[in-house]
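Visitor: Structure file start.txt (compact mmCIF, C-alpha atoms) is given on the next line.
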```
# COMPACT_ATOMS: atom_id res chain seq x y z
CA MET A 1164 121.88 33.13 9.98
CA SER A 1165 118.16 32.40 10.02
CA GLU A 1166 118.72 28.64 10.22
CA ALA A 1167 121.02 28.93 13.21
CA MET A 1168 118.92 31.42 15.09
CA HIS A 1169 116.40 30.20 17.58
CA VAL A 1170 114.63 32.82 19.63
CA LYS A 1171 113.57 31.63 23.07
CA HIS A 1172 112.47 34.96 24.50
CA GLU A 1173 109.66 36.30 22.35
CA ILE A 1174 107.81 39.48 23.13
CA GLY A 1175 104.44 39.07 24.89
CA ASP A 1176 101.04 39.46 23.23
CA GLU A 1177 100.17 42.47 25.40
CA PHE A 1178 103.05 44.44 23.85
CA LEU A 1179 102.24 43.21 20.34
CA ALA A 1180 98.61 44.33 20.82
CA SER A 1181 99.70 47.84 21.88
CA TYR A 1182 102.11 47.98 18.94
CA ALA A 1183 99.32 46.81 16.59
CA GLY A 1184 97.16 49.64 17.94
CA GLY A 1185 99.93 52.18 17.37
CA ASN A 1186 100.02 53.04 21.05
CA MET A 1187 103.62 52.56 22.15
CA ALA A 1188 106.46 55.04 22.48
CA GLU A 1189 108.61 55.09 19.35
CA ALA A 1190 111.66 53.63 21.17
CA PHE A 1191 109.70 50.49 22.13
CA GLU A 1192 108.13 50.29 18.68
CA LEU A 1193 111.62 50.19 17.23
CA VAL A 1194 112.56 47.22 19.45
CA ILE A 1195 109.35 45.40 18.50
CA ALA A 1196 109.71 46.13 14.76
CA CYS A 1197 113.28 44.75 14.88
CA HIS A 1198 112.24 41.67 16.89
CA LEU A 1199 109.46 40.96 14.36
CA SER A 1200 111.91 41.47 11.48
CA LEU A 1201 114.24 38.83 12.94
CA TRP A 1202 111.79 36.16 14.04
CA ALA A 1203 108.95 34.87 11.85
CA PRO A 1204 107.01 33.01 14.60
CA ALA A 1205 106.60 36.30 16.50
CA ARG A 1206 105.52 37.86 13.21
CA ALA A 1207 102.77 35.24 12.91
CA ARG A 1208 101.55 36.09 16.42
CA TYR A 1209 101.64 39.76 15.48
CA ALA A 1210 99.40 39.03 12.47
CA THR A 1211 96.87 37.60 14.93
CA MET A 1212 97.11 40.74 17.08
CA GLU A 1213 96.33 42.84 13.99
CA ALA A 1214 93.38 40.54 13.25
CA ILE A 1215 92.09 41.25 16.77
CA GLY A 1216 92.42 44.95 15.90
CA GLY A 1217 90.15 44.27 12.93
CA ALA A 1218 87.63 42.58 15.22
CA VAL A 1219 87.78 45.55 17.66
CA LEU A 1220 87.16 47.93 14.76
CA GLU A 1221 84.16 45.86 13.59
CA ARG A 1222 82.40 46.55 16.91
CA GLU A 1223 82.66 50.34 16.62
CA SER A 1224 80.35 52.69 14.77
CA ALA A 1225 79.91 56.44 14.36
CA GLU A 1226 77.58 57.94 11.79
CA MET A 1227 79.30 59.56 8.80
CA SER A 1228 78.12 63.02 7.71
CA ALA A 1229 75.75 63.47 4.80
CA GLY A 1230 77.56 63.43 1.47
CA SER A 1231 80.66 61.73 2.88
CA LEU A 1232 80.73 59.05 0.17
CA GLU A 1233 80.62 61.69 -2.58
CA ALA A 1234 83.31 63.72 -0.80
CA THR A 1235 85.49 60.60 -0.61
CA LEU A 1236 84.94 59.80 -4.30
CA ALA A 1237 86.03 63.37 -5.09
CA ARG A 1238 89.22 62.82 -3.06
CA ILE A 1239 89.83 59.57 -4.91
CA SER A 1240 89.60 61.20 -8.34
CA GLY A 1241 92.42 63.54 -7.32
CA GLY A 1242 94.78 60.75 -6.26
CA ALA A 1243 96.75 57.98 -7.90
CA PRO A 1244 97.08 54.29 -7.14
CA ILE A 1245 99.66 53.58 -4.42
CA VAL A 1246 102.34 51.05 -5.22
CA PRO A 1247 104.62 49.44 -2.64
CA GLU A 1248 107.94 51.19 -2.03
CA PRO A 1249 111.09 49.22 -2.78
CA PRO A 1250 113.40 48.56 0.19
CA ARG A 1251 115.54 51.60 0.90
CA SER A 1252 118.69 50.41 2.61
CA PRO A 1253 121.29 47.74 1.73
CA GLU A 1254 121.26 44.44 3.62
CA CYS A 1255 123.14 44.13 6.90
CA ALA A 1256 123.80 40.90 8.81
CA VAL A 1257 123.39 42.62 12.17
CA LEU A 1258 120.93 45.50 11.84
CA PRO A 1259 117.38 44.72 10.63
CA ALA A 1260 115.76 47.22 8.22
CA PRO A 1261 113.81 49.31 10.79
CA LEU A 1262 117.04 50.01 12.64
CA ARG A 1263 118.99 50.83 9.47
CA ASN A 1264 116.53 53.67 8.88
CA TYR A 1265 117.54 55.19 12.25
CA VAL A 1266 121.26 54.57 11.94
CA GLY A 1267 121.38 55.81 8.35
CA GLY A 1268 122.91 52.63 6.96
CA ARG A 1269 124.50 49.39 8.02
CA LEU A 1270 126.46 48.59 11.19
CA GLU A 1271 129.49 50.52 9.89
CA ALA A 1272 127.41 53.71 9.87
CA VAL A 1273 126.74 53.61 13.65
CA LYS A 1274 128.33 56.58 15.40
CA TRP A 1275 129.60 54.81 18.53
CA ARG A 1276 130.77 56.73 21.59
CA PRO A 1277 132.91 55.02 24.19
CA VAL A 1278 131.30 55.15 27.63
CA GLY A 1279 133.98 53.39 29.69
CA MET A 1280 134.76 49.78 30.60
CA GLY A 1281 135.02 48.98 26.88
CA VAL A 1282 131.30 49.61 26.42
CA ARG A 1283 130.18 51.75 23.48
CA GLN A 1284 126.79 53.27 22.83
CA ALA A 1285 124.91 55.21 20.16
CA VAL A 1286 121.77 57.10 21.16
CA LEU A 1287 119.11 56.92 18.44
CA PRO A 1288 116.82 59.78 17.44
CA VAL A 1289 113.35 58.87 18.71
CA ALA A 1290 110.40 60.89 20.00
CA LYS A 1291 110.22 61.93 23.66
CA GLY A 1292 108.72 59.53 26.18
CA ALA A 1293 111.31 56.77 25.93
CA THR A 1294 114.92 56.54 24.76
CA ALA A 1295 116.55 54.05 22.41
CA ARG A 1296 120.22 53.23 22.14
CA LEU A 1297 122.54 50.70 20.62
CA LEU A 1298 124.99 49.19 23.09
CA SER A 1299 128.14 47.27 22.26
CA ILE A 1300 129.58 45.28 25.16
CA PRO A 1301 132.87 43.38 24.90
CA GLY A 1302 132.51 39.59 25.24
CA GLY A 1303 132.79 38.49 28.87
CA CYS A 1304 132.23 42.02 30.15
CA GLU A 1305 129.92 42.40 33.10
CA MET A 1306 127.27 45.06 32.85
CA PRO A 1307 126.61 47.13 35.96
CA ASP A 1308 124.08 45.59 38.36
CA HIS A 1309 120.96 47.66 37.97
CA GLY A 1310 117.27 47.88 38.71
CA HIS A 1311 114.64 49.87 36.85
CA ARG A 1312 112.11 52.54 37.58
CA GLY A 1313 110.18 52.03 34.37
CA LEU A 1314 110.01 49.60 31.48
CA GLU A 1315 113.14 48.42 29.70
CA MET A 1316 113.27 46.28 26.54
CA THR A 1317 116.54 44.84 25.31
CA LEU A 1318 116.90 43.08 21.96
CA VAL A 1319 120.09 41.19 21.14
CA LEU A 1320 121.41 41.78 17.61
CA GLN A 1321 124.85 40.15 17.80
CA GLY A 1322 126.59 37.87 20.28
CA ALA A 1323 124.74 37.00 23.47
CA TYR A 1324 124.47 37.85 27.11
CA LEU A 1325 123.67 35.84 30.19
CA ASP A 1326 121.34 37.04 32.89
CA GLY A 1327 121.26 34.59 35.79
CA ASP A 1328 120.39 31.22 34.24
CA GLU A 1329 118.98 32.73 31.09
CA ARG A 1330 120.88 33.21 27.86
CA PHE A 1331 119.79 35.92 25.43
CA GLY A 1332 120.99 35.56 21.84
CA ARG A 1333 120.23 37.27 18.54
CA GLY A 1334 116.53 38.02 18.25
CA ASP A 1335 115.77 37.47 21.95
CA VAL A 1336 114.03 40.25 23.86
CA GLU A 1337 114.33 40.75 27.60
CA ILE A 1338 111.66 42.83 29.30
CA ALA A 1339 112.56 44.35 32.65
CA ASP A 1340 110.49 46.46 34.99
CA GLU A 1341 110.73 47.81 38.52
CA HIS A 1342 110.54 44.29 39.98
CA LEU A 1343 113.66 42.97 38.30
CA GLU A 1344 117.19 43.42 39.59
CA HIS A 1345 119.47 41.87 37.04
CA LYS A 1346 123.12 41.53 36.23
CA PRO A 1347 123.66 40.82 32.54
CA VAL A 1348 127.07 39.54 31.45
CA ALA A 1349 128.09 39.48 27.79
CA ALA A 1350 128.86 35.90 26.72
CA PRO A 1351 132.53 35.26 25.89
CA GLY A 1352 133.43 35.82 22.25
CA GLU A 1353 132.34 38.58 19.90
CA ASP A 1354 131.01 41.91 21.17
CA CYS A 1355 127.40 41.73 22.27
CA ILE A 1356 125.37 44.35 20.37
CA CYS A 1357 121.94 45.18 21.78
CA LEU A 1358 119.15 47.61 21.08
CA ALA A 1359 117.84 48.91 24.40
CA ALA A 1360 114.77 51.07 24.97
CA THR A 1361 113.62 52.45 28.29
CA ASP A 1362 111.15 55.00 29.57
CA ALA A 1363 113.06 55.76 32.78
CA PRO A 1364 116.67 56.23 33.80
CA LEU A 1365 118.33 53.02 34.96
CA ARG A 1366 119.12 52.77 38.66
CA PHE A 1367 122.60 51.42 39.24
CA ASN A 1368 123.46 49.85 42.55
CA ALA A 1369 127.24 50.13 42.53
CA LEU A 1370 128.87 53.50 43.24
CA LEU A 1371 131.05 53.69 40.18
CA PRO A 1372 128.28 53.17 37.61
CA ARG A 1373 126.19 55.70 39.48
CA LEU A 1374 128.92 58.26 38.90
CA PHE A 1375 128.86 57.22 35.26
CA GLN A 1376 125.12 57.57 34.97
CA PRO A 1377 124.86 61.23 33.94
CA PHE A 1378 127.69 60.66 31.50
CA LEU A 1379 126.10 57.52 30.02
CA GLY A 1380 122.83 59.34 29.70
CA ILE A 1381 120.96 56.23 30.87
CA MET B 957 77.75 49.67 18.91
CA GLU B 958 75.89 47.36 16.59
CA ALA B 959 77.89 44.40 15.37
CA ARG B 960 76.06 43.06 12.35
CA ALA B 961 77.37 39.69 11.17
CA THR B 962 79.62 40.42 8.23
CA ASP B 963 80.43 36.86 7.24
CA GLN B 964 77.56 36.98 4.73
CA VAL B 965 79.35 39.61 2.65
CA ASP B 966 82.50 38.85 0.68
CA TRP B 967 84.43 42.05 1.34
CA ALA B 968 87.57 40.63 -0.25
CA GLU B 969 85.64 40.25 -3.51
CA ALA B 970 84.46 43.87 -3.23
CA VAL B 971 88.07 45.06 -2.81
CA ARG B 972 89.09 42.94 -5.81
CA ARG B 973 86.40 44.63 -7.90
CA VAL B 974 87.59 48.08 -6.84
CA ALA B 975 91.16 47.14 -7.80
CA ALA B 976 90.25 45.46 -11.09
CA ALA B 977 87.59 47.79 -12.47
CA GLY B 978 87.23 50.82 -10.20
CA ASP B 979 83.82 49.42 -9.29
CA GLN B 980 81.99 52.30 -7.56
CA ALA B 981 79.09 50.14 -6.37
CA ALA B 982 81.49 47.74 -4.64
CA PHE B 983 83.24 50.73 -3.12
CA ALA B 984 79.96 52.24 -1.92
CA ALA B 985 79.18 48.96 -0.12
CA LEU B 986 82.64 48.92 1.48
CA PHE B 987 82.20 52.56 2.46
CA ALA B 988 78.77 52.02 4.02
CA HIS B 989 80.15 49.21 6.15
CA PHE B 990 83.67 50.33 7.08
CA ALA B 991 83.65 54.16 7.12
CA PRO B 992 81.42 54.41 10.24
CA ARG B 993 83.53 51.74 11.95
CA VAL B 994 86.75 53.58 11.16
CA LYS B 995 85.22 56.83 12.40
CA GLY B 996 84.07 55.14 15.61
CA PHE B 997 87.50 53.59 16.14
CA LEU B 998 89.21 56.97 15.64
CA ILE B 999 86.88 58.76 18.06
CA ARG B 1000 87.56 56.09 20.67
CA SER B 1001 91.27 56.62 19.97
CA GLY B 1002 90.99 60.29 20.94
CA LEU B 1003 90.26 62.16 17.70
CA SER B 1004 87.52 64.79 17.62
CA PRO B 1005 84.41 63.78 15.61
CA ALA B 1006 85.31 66.29 12.86
CA MET B 1007 88.87 64.98 12.58
CA ALA B 1008 87.64 61.39 12.73
CA GLU B 1009 85.21 62.10 9.86
CA ASP B 1010 87.96 63.62 7.71
CA CYS B 1011 90.36 60.84 8.60
CA ALA B 1012 87.80 58.09 7.89
CA GLN B 1013 87.23 59.56 4.41
CA GLU B 1014 90.96 59.51 3.86
CA VAL B 1015 91.25 55.92 5.06
CA MET B 1016 88.54 54.91 2.58
CA ALA B 1017 90.27 56.83 -0.23
CA THR B 1018 93.49 54.97 0.68
CA LEU B 1019 91.55 51.70 0.51
CA TRP B 1020 90.60 52.58 -3.09
CA HIS B 1021 94.15 53.51 -4.10
CA LYS B 1022 95.75 50.52 -2.35
CA ALA B 1023 93.08 48.00 -3.38
CA GLY B 1024 95.55 46.31 -5.75
CA MET B 1025 97.91 45.63 -2.84
CA PHE B 1026 95.34 43.85 -0.68
CA ASP B 1027 96.20 40.17 -0.22
CA PRO B 1028 93.13 38.17 0.91
CA SER B 1029 95.33 35.21 1.85
CA LYS B 1030 97.08 37.29 4.53
CA ALA B 1031 94.33 39.21 6.28
CA SER B 1032 90.62 39.95 6.29
CA VAL B 1033 89.43 43.28 4.87
CA ALA B 1034 88.53 44.38 8.42
CA THR B 1035 92.11 43.74 9.56
CA TRP B 1036 93.52 45.53 6.53
CA VAL B 1037 91.24 48.54 7.06
CA PHE B 1038 92.23 48.54 10.74
CA THR B 1039 95.94 48.82 9.81
CA ILE B 1040 95.25 51.70 7.40
CA ALA B 1041 93.20 53.50 10.08
CA ARG B 1042 95.88 52.83 12.70
CA ASN B 1043 98.56 54.31 10.44
CA ARG B 1044 96.46 57.43 9.76
CA LYS B 1045 95.87 57.81 13.50
CA ILE B 1046 99.65 57.69 14.08
CA ASP B 1047 100.25 60.27 11.32
CA ILE B 1048 97.76 62.63 12.93
CA LEU B 1049 98.59 62.14 16.60
CA ARG B 1050 102.36 61.94 16.25
CA LYS B 1051 103.34 63.58 12.97
CA GLN B 1052 105.83 60.81 12.33
CA ALA B 1053 105.57 57.31 10.95
CA ARG B 1054 106.31 54.41 13.24
CA PRO B 1055 109.03 51.81 12.64
CA GLU B 1056 107.59 48.88 10.67
CA PRO B 1057 108.96 45.34 10.56
CA GLU B 1058 110.73 44.38 7.35
CA ASP B 1059 109.28 41.71 5.11
CA LEU B 1060 110.55 38.26 5.84
CA PRO B 1061 111.36 36.59 2.53
CA TRP B 1062 112.75 33.56 4.35
CA GLY B 1063 109.82 33.23 6.72
CA PRO B 1064 107.91 29.97 7.04
CA GLU B 1065 105.45 29.12 4.28
CA PRO B 1066 101.93 30.04 5.29
CA GLU B 1067 99.84 27.15 6.52
CA PRO B 1068 97.51 25.84 3.80
CA GLU B 1069 94.45 26.87 5.80
CA GLN B 1070 95.77 30.42 6.04
CA VAL B 1071 95.78 30.66 2.26
CA ASP B 1072 92.22 29.45 2.18
CA ARG B 1073 90.04 32.52 1.97
CA LEU B 1074 86.98 30.76 3.31
CA GLY B 1075 89.04 29.56 6.27
CA LEU B 1076 90.19 33.10 6.94
CA LYS B 1077 86.62 34.36 6.79
CA GLN B 1078 85.51 31.73 9.29
CA ASP B 1079 88.45 32.68 11.51
CA SER B 1080 87.32 36.30 11.45
CA ALA B 1081 83.76 35.33 12.35
CA ARG B 1082 85.02 33.14 15.20
CA LEU B 1083 87.29 35.94 16.39
CA GLY B 1084 84.43 38.44 16.40
CA ALA B 1085 82.27 36.01 18.37
CA ALA B 1086 85.09 35.32 20.84
CA LEU B 1087 85.56 39.06 21.39
CA SER B 1088 81.82 39.46 22.09
CA GLU B 1089 81.91 36.54 24.51
CA LEU B 1090 84.77 37.89 26.62
CA PRO B 1091 83.79 39.09 30.09
CA GLU B 1092 83.20 42.84 29.92
CA ALA B 1093 86.25 43.68 32.06
CA GLN B 1094 88.54 41.67 29.78
CA ARG B 1095 87.06 43.09 26.59
CA LYS B 1096 87.56 46.63 27.90
CA LEU B 1097 91.24 45.88 28.51
CA VAL B 1098 91.64 44.51 24.99
CA GLU B 1099 89.94 47.59 23.55
CA ALA B 1100 92.12 49.91 25.64
CA ALA B 1101 95.22 48.21 24.18
CA TYR B 1102 94.02 49.03 20.64
CA PHE B 1103 92.50 52.46 21.23
CA GLY B 1104 95.37 53.56 23.47
CA ASP B 1105 92.90 55.75 25.38
CA LEU B 1106 93.96 54.50 28.83
CA SER B 1107 97.32 53.24 30.07
CA HIS B 1108 97.45 50.24 32.42
CA GLY B 1109 98.45 52.65 35.19
CA GLU B 1110 95.36 54.80 34.54
CA ILE B 1111 93.10 51.73 34.49
CA ALA B 1112 94.62 50.59 37.80
CA GLU B 1113 93.97 54.01 39.29
CA LYS B 1114 90.38 54.19 38.04
CA THR B 1115 89.35 50.66 38.99
CA GLY B 1116 91.55 49.97 42.01
CA ILE B 1117 92.64 46.69 40.38
CA PRO B 1118 96.38 46.03 40.87
CA LEU B 1119 98.59 46.61 37.83
CA GLY B 1120 99.79 43.00 37.82
CA THR B 1121 96.19 41.73 37.68
CA ILE B 1122 95.40 44.06 34.79
CA LYS B 1123 98.37 42.77 32.82
CA SER B 1124 97.58 39.10 33.47
CA ARG B 1125 93.88 39.64 32.58
CA LEU B 1126 94.86 41.26 29.29
CA ARG B 1127 97.26 38.40 28.48
CA LEU B 1128 94.53 35.87 29.31
CA ALA B 1129 92.01 37.66 27.09
CA LEU B 1130 94.43 37.88 24.15
CA GLU B 1131 95.27 34.19 24.57
CA LYS B 1132 91.55 33.30 24.37
CA LEU B 1133 91.15 35.37 21.20
CA ARG B 1134 94.25 33.81 19.67
CA ARG B 1135 92.89 30.33 20.34
CA ALA B 1136 89.60 31.27 18.64
CA MET B 1137 91.56 31.90 15.43
CA GLN B 1138 93.32 28.50 15.48
```
So, in terms of structure tokens, how does the structure I just supplied come out?
Guide:
Amino acid sequence: MSEAMHVKHEIGDEFLASYAGGNMAEAFELVIACHLSLWAPARARYATMEAIGGAVLERESAEMSAGSLEATLARISGGAPIVPEPPRSPECAVLPAPLRNYVGGRLEAVKWRPVGMGVRQAVLPVAKGATARLLSIPGGCEMPDHGHRGLEMTLVLQGAYLDGDERFGRGDVEIADEHLEHKPVAAPGEDCICLAATDAPLRFNALLPRLFQPFLGI
Amino acid sequence: MEARATDQVDWAEAVRRVAAAGDQAAFAALFAHFAPRVKGFLIRSGLSPAMAEDCAQEVMATLWHKAGMFDPSKASVATWVFTIARNRKIDILRKQARPEPEDLPWGPEPEPEQVDRLGLKQDSARLGAALSELPEAQRKLVEAAYFGDLSHGEIAEKTGIPLGTIKSRLRLALEKLRRAMQ
């Protein structure tokens, strides 16, 4: 799996910096955590973004109150050393660990709901501000032509889709905003499974998908 | 906002002493340096001074308890402290942990120079210098990304700079900082 995979569409530094700072909506954090779990080179760039966080911290200063060291030592004497937690969920060839925590297991545990045209989705429980869902699109199936009002991040987990001249395969992330009108088509073959996060409802151009929109919840 | 050069002090050695022997003097030195920085970072991130004080103490207590897990070949102490502070900030502001990437057992072997502690320390010093040398407007954008105090939309509104320009300036600044580490 890892040998065959080659991610061409990595997530940009500006998103990794916000993620490093802990300043993104949970839905987008989930996409980024999964992308980083699948692709080591992006993980190396993320390590640099955390190092920049360290450098930002080094420039700050606010005086601690009197007796704060003693108070901290008192806290320490009440605690115990922290040891790393073992991994919680079993391996899955499709879902990386951060996603398994939301699904409650491997791919088989996903509670899919059909949403028409052979497409299935599962909405994931994340905090308000942005939504996250898993989408399963039959190979060769055209997704509705749509634009965006906000930010949308799509991470491919299985199969691939084509968007214009670009191909998005496992590990690739596509970022779309209000400037992009796109028409993704699942590549022929196995179902394309994606994790999609957005902070605004999608805006479909065709009439039929627009009727579907309330029903899809996207 | 004083930024004393820290490359004279071996903070990784101080953490090792805390882990190995519960060395209170080493901890006191770490505390004197990092606790005010953590508190400053948390205030800039939107916490009240009282909350930031409490949270900074907790971050330093976590440093003590997690000292045995610190890996000096992976990150500087400043970076490690930053991640602990960031996680505490998330706990407080959101009441829920954030999704974390899984470990990559099959990931590429670290470059030899990354394992080299001295190399990492020099990288950190170069990074700090590069951050200081950024034009003010770029540095402010980088800081906003880490503090999360202003969205790009809010910065655009306040400064009148188009959103696209803000995003490309931030990318440019991060690219400069990344190059300083290489």
Visitor: Taking (119.6, 43.9, 27.6) in the file's own coordinates, collect the residues within 7 Å, counting all atoms listed in the file, and hand them back as a list in words.
Guide: Met1316, Thr1317, Leu1318, Glu1337, Cys1357 and Ala1359 of chain A
Visitor: Starting from chain B, keep only residues with some atom at most 7 Å from an atom of chain A, counting all atoms listed in the file, and report them as JSON, numbers by chain.
Guide: {"B": [957, 958, 959, 992, 993, 994, 995, 996, 997, 1009, 1013, 1017, 1021, 1022, 1034, 1035, 1038, 1042, 1046, 1054, 1055, 1056, 1057, 1058, 1059, 1060, 1063, 1064, 1083, 1084, 1099, 1101, 1102, 1103, 1104, 1126, 1127, 1130, 1134]}
Visitor: Please report the interatomic distance between atom CA of Val1266 of chain A and atom CA of Lys1051 of chain B in Å with one decimal.
Guide: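 Taking atom CA of Val1266 of chain A and atom CA of Lys1051 of chain B, their separation equals 20.1 Å.
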Visitor: Which polymer residues have any atom within 12 Å of an atom of Leu1325 of chain A, counting only C-alpha atoms, with same-chain residues fewer than 5 positions away left out, as a list in words?
Guide: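 Returned residues: Gly1302, Gly1303, Cys1304, Glu1305, Met1306, Val1319, Arg1330, Phe1331, Gly1332, Asp1335, Glu1337, His1345, Lys1346, Pro1347, Val1348, Ala1349, Ala1350, Pro1351 and Cys1355 of chain A.
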Visitor: Can you measure atom CA of Ala1129 of chain B to atom CA of Arg1095 of chain B for me? One decimal in Å is fine.
Guide: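 Taking atom CA of Ala1129 of chain B and atom CA of Arg1095 of chain B, their separation equals 7.4 Å.
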Visitor: Between A:Ala1229, A:Cys1255, A:Ala1360, A:Ala1339, which one has atoms that come closest to Arg1312 of chain A, using only C-alpha atoms?
Guide: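 Under the stated criterion, the closest residue is A:Ala1339.
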Visitor: Any idea what the distance is between atom CA of Lys1114 of chain B and atom CA of Met1007 of chain B?
Guide: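 Atom CA of Met1007 of chain B lies 27.7 Å from atom CA of Lys1114 of chain B.
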Visitor: If we count only C-alpha atoms and set the cut-off at 9 Å, which residues sit around Ile1122 of chain B, ignoring sequence neighbours fewer than 3 positions away in its own chain? Please answer as a list in words.
Guide: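 Neighbouring residues, sequence-local ones excluded: Gln1094, Leu1097, His1108, Ile1111, Ala1112, Ile1117, Pro1118, Leu1119, Arg1125, Leu1126 and Arg1127 of chain B.
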Visitor: Dump as an mmCIF file with C-alpha atoms, in the frame of the given file all residues having an atom at most 10 Å from (94.0, 58.6, 26.6), computed in the file's coordinates with all atoms listed in the file.
Guide:
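New file out_8.cif:
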```cif
data_model
loop_
_atom_site.group_PDB
_atom_site.id
_atom_site.type_symbol
_atom_site.label_atom_id
_atom_site.label_comp_id
_atom_site.auth_asym_id
_atom_site.auth_seq_id
_atom_site.Cartn_x
_atom_site.Cartn_y
_atom_site.Cartn_z
ATOM 1 C CA ASN A 1186 100.020 53.040 21.050
ATOM 2 C CA ARG B 1000 87.560 56.090 20.670
ATOM 3 C CA SER B 1001 91.270 56.620 19.970
ATOM 4 C CA GLY B 1002 90.990 60.290 20.940
ATOM 5 C CA ALA B 1100 92.120 49.910 25.640
ATOM 6 C CA PHE B 1103 92.500 52.460 21.230
ATOM 7 C CA GLY B 1104 95.370 53.560 23.470
ATOM 8 C CA ASP B 1105 92.900 55.750 25.380
ATOM 9 C CA LEU B 1106 93.960 54.500 28.830
ATOM 10 C CA SER B 1107 97.320 53.240 30.070
ATOM 11 C CA GLU B 1110 95.360 54.800 34.540
#
```
Visitor: Can you give me all heavy atoms for segment 1104-1109 of chain B, written as a tab-separated table (two decimals), in the frame of the given file?
Guide:
```
chain	number	residue	atom	x	y	z
B	1104	GLY	N	94.32	52.78	22.82
B	1104	GLY	CA	95.37	53.56	23.47
B	1104	GLY	C	94.80	54.72	24.28
B	1104	GLY	O	95.50	55.69	24.55
B	1105	ASP	N	93.52	54.62	24.66
B	1105	ASP	CA	92.90	55.75	25.38
B	1105	ASP	C	93.25	55.75	26.86
B	1105	ASP	O	93.21	56.78	27.51
B	1105	ASP	CB	91.37	55.76	25.17
B	1105	ASP	CG	90.70	54.43	25.48
B	1105	ASP	OD1	91.42	53.44	25.69
B	1105	ASP	OD2	89.47	54.38	25.50
B	1106	LEU	N	93.61	54.58	27.41
B	1106	LEU	CA	93.96	54.50	28.83
B	1106	LEU	C	95.19	53.62	29.00
B	1106	LEU	O	95.25	52.53	28.44
B	1106	LEU	CB	92.80	53.87	29.63
B	1106	LEU	CG	91.58	54.73	29.93
B	1106	LEU	CD1	90.51	53.87	30.58
B	1106	LEU	CD2	91.94	55.90	30.83
B	1107	SER	N	96.16	54.08	29.77
B	1107	SER	CA	97.32	53.24	30.07
B	1107	SER	C	96.92	52.25	31.16
B	1107	SER	O	95.92	52.43	31.85
B	1107	SER	CB	98.48	54.09	30.54
B	1107	SER	OG	98.23	54.56	31.84
B	1108	HIS	N	97.73	51.21	31.34
B	1108	HIS	CA	97.45	50.24	32.42
B	1108	HIS	C	97.46	50.93	33.77
B	1108	HIS	O	96.67	50.60	34.65
B	1108	HIS	CB	98.49	49.11	32.39
B	1108	HIS	CG	98.33	48.23	31.18
B	1108	HIS	ND1	99.24	47.28	30.82
B	1108	HIS	CD2	97.35	48.19	30.25
B	1108	HIS	CE1	98.83	46.68	29.73
B	1108	HIS	NE2	97.69	47.21	29.35
B	1109	GLY	N	98.37	51.90	33.93
B	1109	GLY	CA	98.45	52.65	35.19
B	1109	GLY	C	97.15	53.41	35.45
B	1109	GLY	O	96.63	53.42	36.58
```
